[in-house]
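Enquirer: Just input_15.txt, nothing more (compact mmCIF, N, CA and C atoms):
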# COMPACT_ATOMS: atom_id res chain seq x y z
N MET N 226 33.29 -9.56 -23.76
CA MET N 226 32.03 -9.61 -23.05
C MET N 226 32.27 -10.04 -21.61
N ALA N 227 31.62 -9.38 -20.66
CA ALA N 227 31.82 -9.68 -19.25
C ALA N 227 31.14 -10.99 -18.87
N VAL N 228 31.88 -11.84 -18.16
CA VAL N 228 31.35 -13.12 -17.71
C VAL N 228 31.62 -13.22 -16.21
N PRO N 229 30.58 -13.59 -15.41
CA PRO N 229 30.81 -13.70 -13.97
C PRO N 229 31.83 -14.81 -13.65
N ARG N 230 32.74 -14.54 -12.74
CA ARG N 230 33.78 -15.52 -12.40
C ARG N 230 33.20 -16.71 -11.66
N LEU N 231 32.29 -16.44 -10.72
CA LEU N 231 31.73 -17.50 -9.90
C LEU N 231 30.21 -17.48 -9.98
N LYS N 232 29.62 -18.65 -9.81
CA LYS N 232 28.15 -18.75 -9.77
C LYS N 232 27.64 -18.03 -8.53
N THR N 233 26.55 -17.29 -8.68
CA THR N 233 25.93 -16.64 -7.53
C THR N 233 25.21 -17.71 -6.71
N SER N 234 25.57 -17.83 -5.45
CA SER N 234 25.00 -18.88 -4.61
C SER N 234 23.52 -18.59 -4.32
N LYS N 235 22.80 -19.63 -3.89
CA LYS N 235 21.38 -19.49 -3.54
C LYS N 235 21.21 -18.47 -2.42
N MET N 236 22.10 -18.52 -1.43
CA MET N 236 21.99 -17.62 -0.29
C MET N 236 22.19 -16.17 -0.72
N LYS N 237 23.19 -15.93 -1.56
CA LYS N 237 23.48 -14.56 -2.01
C LYS N 237 22.32 -14.01 -2.84
N LYS N 238 21.76 -14.86 -3.70
CA LYS N 238 20.63 -14.46 -4.54
C LYS N 238 19.40 -14.14 -3.67
N ARG N 239 19.16 -14.95 -2.65
CA ARG N 239 18.01 -14.73 -1.77
C ARG N 239 18.20 -13.51 -0.88
N GLN N 240 19.44 -13.23 -0.48
CA GLN N 240 19.71 -12.03 0.30
C GLN N 240 19.42 -10.78 -0.53
N ARG N 241 19.79 -10.81 -1.80
CA ARG N 241 19.57 -9.68 -2.68
C ARG N 241 18.07 -9.44 -2.89
N ARG N 242 17.28 -10.49 -2.96
CA ARG N 242 15.85 -10.38 -3.21
C ARG N 242 15.02 -10.28 -1.94
N SER N 243 15.65 -10.11 -0.80
CA SER N 243 14.92 -10.12 0.47
C SER N 243 13.94 -8.97 0.61
N HIS N 244 14.14 -7.86 -0.09
CA HIS N 244 13.25 -6.71 0.01
C HIS N 244 12.19 -6.70 -1.09
N HIS N 245 12.07 -7.78 -1.87
CA HIS N 245 11.11 -7.83 -2.97
C HIS N 245 9.72 -8.27 -2.52
N ALA N 246 9.55 -8.63 -1.26
CA ALA N 246 8.26 -9.13 -0.77
C ALA N 246 7.20 -8.03 -0.82
N LEU N 247 5.96 -8.41 -1.12
CA LEU N 247 4.86 -7.47 -1.15
C LEU N 247 4.35 -7.21 0.27
N VAL N 248 3.93 -5.99 0.51
CA VAL N 248 3.42 -5.61 1.83
C VAL N 248 1.99 -5.13 1.67
N ALA N 249 1.12 -5.61 2.54
CA ALA N 249 -0.28 -5.20 2.50
C ALA N 249 -0.40 -3.73 2.90
N PRO N 250 -1.32 -2.97 2.28
CA PRO N 250 -1.46 -1.55 2.64
C PRO N 250 -2.01 -1.39 4.06
N ASN N 251 -1.58 -0.35 4.72
CA ASN N 251 -2.07 -0.05 6.07
C ASN N 251 -3.35 0.74 5.97
N PHE N 252 -4.39 0.25 6.59
CA PHE N 252 -5.66 0.94 6.59
C PHE N 252 -5.82 1.70 7.89
N GLY N 253 -6.46 2.86 7.78
CA GLY N 253 -6.80 3.65 8.95
C GLY N 253 -8.31 3.70 9.10
N GLU N 254 -8.76 4.36 10.12
CA GLU N 254 -10.18 4.46 10.38
C GLU N 254 -10.65 5.87 10.06
N CYS N 255 -11.76 5.97 9.35
CA CYS N 255 -12.34 7.27 9.03
C CYS N 255 -12.88 7.87 10.33
N PRO N 256 -12.49 9.10 10.68
CA PRO N 256 -12.96 9.69 11.94
C PRO N 256 -14.45 10.02 11.92
N ARG N 257 -15.02 10.11 10.74
CA ARG N 257 -16.43 10.49 10.65
C ARG N 257 -17.37 9.27 10.70
N CYS N 258 -17.07 8.23 9.90
CA CYS N 258 -17.98 7.08 9.83
C CYS N 258 -17.35 5.78 10.34
N ASN N 259 -16.10 5.82 10.78
CA ASN N 259 -15.37 4.67 11.33
C ASN N 259 -15.19 3.53 10.33
N ALA N 260 -15.25 3.80 9.04
CA ALA N 260 -15.00 2.78 8.02
C ALA N 260 -13.49 2.68 7.77
N GLN N 261 -13.04 1.55 7.26
CA GLN N 261 -11.64 1.36 6.92
C GLN N 261 -11.33 2.12 5.62
N LYS N 262 -10.23 2.90 5.63
CA LYS N 262 -9.84 3.65 4.45
C LYS N 262 -8.33 3.78 4.41
N LEU N 263 -7.81 4.04 3.21
CA LEU N 263 -6.38 4.25 3.07
C LEU N 263 -6.02 5.63 3.62
N PRO N 264 -4.85 5.76 4.24
CA PRO N 264 -4.45 7.07 4.76
C PRO N 264 -4.24 8.08 3.64
N HIS N 265 -4.53 9.33 3.88
CA HIS N 265 -4.39 10.45 2.94
C HIS N 265 -5.27 10.29 1.72
N CYS N 266 -6.38 9.59 1.85
CA CYS N 266 -7.32 9.39 0.75
C CYS N 266 -8.73 9.71 1.23
N VAL N 267 -9.58 10.07 0.29
CA VAL N 267 -10.98 10.35 0.59
C VAL N 267 -11.66 9.05 1.00
N CYS N 268 -12.53 9.10 2.00
CA CYS N 268 -13.29 7.93 2.43
C CYS N 268 -14.36 7.64 1.38
N MET N 269 -14.36 6.41 0.87
CA MET N 269 -15.32 6.03 -0.16
C MET N 269 -16.71 5.74 0.42
N THR N 270 -16.83 5.65 1.75
CA THR N 270 -18.12 5.40 2.38
C THR N 270 -18.91 6.68 2.57
N CYS N 271 -18.23 7.72 3.08
CA CYS N 271 -18.95 8.98 3.36
C CYS N 271 -18.52 10.13 2.44
N GLY N 272 -17.35 10.04 1.78
CA GLY N 272 -16.90 11.08 0.86
C GLY N 272 -16.19 12.24 1.52
N TYR N 273 -15.82 12.10 2.78
CA TYR N 273 -15.16 13.19 3.51
C TYR N 273 -13.65 12.96 3.56
N TYR N 274 -12.91 14.08 3.57
CA TYR N 274 -11.47 14.06 3.79
C TYR N 274 -11.10 15.36 4.48
N GLY N 275 -10.42 15.26 5.59
CA GLY N 275 -9.99 16.45 6.33
C GLY N 275 -11.15 17.26 6.87
N GLY N 276 -12.27 16.60 7.20
CA GLY N 276 -13.42 17.30 7.77
C GLY N 276 -14.29 18.00 6.75
N GLU N 277 -13.99 17.87 5.47
CA GLU N 277 -14.78 18.51 4.42
C GLU N 277 -15.31 17.48 3.44
N LYS N 278 -16.50 17.72 2.92
CA LYS N 278 -17.09 16.85 1.90
C LYS N 278 -16.34 17.08 0.59
N ARG N 279 -15.68 16.04 0.06
CA ARG N 279 -14.88 16.18 -1.16
C ARG N 279 -15.51 15.46 -2.34
N VAL N 280 -16.21 14.33 -2.07
CA VAL N 280 -16.75 13.51 -3.14
C VAL N 280 -18.20 13.19 -2.82
N GLU N 281 -19.04 13.25 -3.84
CA GLU N 281 -20.45 12.87 -3.67
C GLU N 281 -20.54 11.35 -3.82
N VAL N 282 -21.05 10.67 -2.79
CA VAL N 282 -21.13 9.21 -2.77
C VAL N 282 -22.56 8.78 -3.06
N GLU N 283 -22.71 7.80 -3.95
CA GLU N 283 -24.03 7.29 -4.26
C GLU N 283 -24.53 6.39 -3.13
N ALA N 284 -25.82 6.46 -2.81
CA ALA N 284 -26.43 5.59 -1.83
C ALA N 284 -26.80 4.28 -2.50
N HIS N 285 -26.48 3.17 -1.84
CA HIS N 285 -26.78 1.87 -2.43
C HIS N 285 -28.14 1.41 -2.01
Step by step, read the file and then write its structure as structure tokens.
Expert:
Amino acid sequence: MAVPRLKTSKMKKRQRRSHHALVAPNFGECPRCNAQKLPHCVCMTCGYYGGEKRVEVEAH
């Protein structure tokens, strides 16, 4: 059975995990209603994507 020769140091372990941090999603602005929306997704405020109505949105 394989056994590590040396203990992995704290620094080495933290260097390996340096890319594990979570990143907040980047929001863009809807060109039609100026609401915040995810890029390449239909706007949940107006229902438009790429200048065309894609989703019917309920009025609150």
Enquirer: For N:Ala260, find every residue with an atom within 8 Å (counting all atoms listed in the file), except residues of its own chain fewer than 4 positions away, and show them as a PDB file with N, CA and C atoms, in the frame of the given file.
Expert:
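Ended up saving to out.pdb:
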ATOM      1  N   PHE N 252      -4.390   0.250   6.590  1.00  0.00           N
ATOM      2  CA  PHE N 252      -5.660   0.940   6.590  1.00  0.00           C
ATOM      3  C   PHE N 252      -5.820   1.700   7.890  1.00  0.00           C
ATOM      4  N   GLY N 253      -6.460   2.860   7.780  1.00  0.00           N
ATOM      5  CA  GLY N 253      -6.800   3.650   8.950  1.00  0.00           C
ATOM      6  C   GLY N 253      -8.310   3.700   9.100  1.00  0.00           C
ATOM      7  N   GLU N 254      -8.760   4.360  10.120  1.00  0.00           N
ATOM      8  CA  GLU N 254     -10.180   4.460  10.380  1.00  0.00           C
ATOM      9  C   GLU N 254     -10.650   5.870  10.060  1.00  0.00           C
ATOM     10  N   CYS N 255     -11.760   5.970   9.350  1.00  0.00           N
ATOM     11  CA  CYS N 255     -12.340   7.270   9.030  1.00  0.00           C
ATOM     12  C   CYS N 255     -12.880   7.870  10.330  1.00  0.00           C
ATOM     13  N   PRO N 256     -12.490   9.100  10.680  1.00  0.00           N
ATOM     14  CA  PRO N 256     -12.960   9.690  11.940  1.00  0.00           C
ATOM     15  C   PRO N 256     -14.450  10.020  11.920  1.00  0.00           C
ATOM     16  N   CYS N 268     -12.530   9.100   2.000  1.00  0.00           N
ATOM     17  CA  CYS N 268     -13.290   7.930   2.430  1.00  0.00           C
ATOM     18  C   CYS N 268     -14.360   7.640   1.380  1.00  0.00           C
ATOM     19  N   MET N 269     -14.360   6.410   0.870  1.00  0.00           N
ATOM     20  CA  MET N 269     -15.320   6.030  -0.160  1.00  0.00           C
ATOM     21  C   MET N 269     -16.710   5.740   0.420  1.00  0.00           C
ATOM     22  N   THR N 270     -16.830   5.650   1.750  1.00  0.00           N
ATOM     23  CA  THR N 270     -18.120   5.400   2.380  1.00  0.00           C
ATOM     24  C   THR N 270     -18.910   6.680   2.570  1.00  0.00           C
ATOM     25  N   CYS N 271     -18.230   7.720   3.080  1.00  0.00           N
ATOM     26  CA  CYS N 271     -18.950   8.980   3.360  1.00  0.00           C
ATOM     27  C   CYS N 271     -18.520  10.130   2.440  1.00  0.00           C
TER      28      CYS N 271
END
Enquirer: Listed atoms of stretch 255-258 of chain N, axis-aligned box, 8 Å per side: centre and edge lengths to one decimal in Å, as lines of an AutoDock Vina configuration file?
Expert:
center_x = -14.9
center_y = 8.1
center_z = 10.5
size_x = 22.2
size_y = 20.7
size_z = 18.9
Enquirer: Do you have the atom CA of N:Asn251-atom CA of N:Gly272 distance handy?
Expert: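 Distance reported for this atom pair: 19.3 Å.
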Enquirer: Where does DSSP see strand (DSSP E or B) in chain N, if you list the residues as JSON, numbers by chain?
Expert: {"N": [253, 254, 261, 262, 273, 274, 277, 278]}
Enquirer: Expressed in Å to a single decimal, how great is the separation between atom CA of N:Pro250 and atom CA of N:Glu281?
Expert: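 Going from atom CA of N:Pro250 over to atom CA of N:Glu281 covers 24.7 Å.
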Enquirer: Quick check, in Å to one decimal: how far apart do atom N of N:Ala249 and atom CA of N:Val267 lie?
Expert: 20.1 Å
Enquirer: As a ChimeraX atom specification, list the residues of chain N assigned to alpha helix (DSSP H) by DSSP on the backbone atoms of this structure.
Expert: /N:235-241
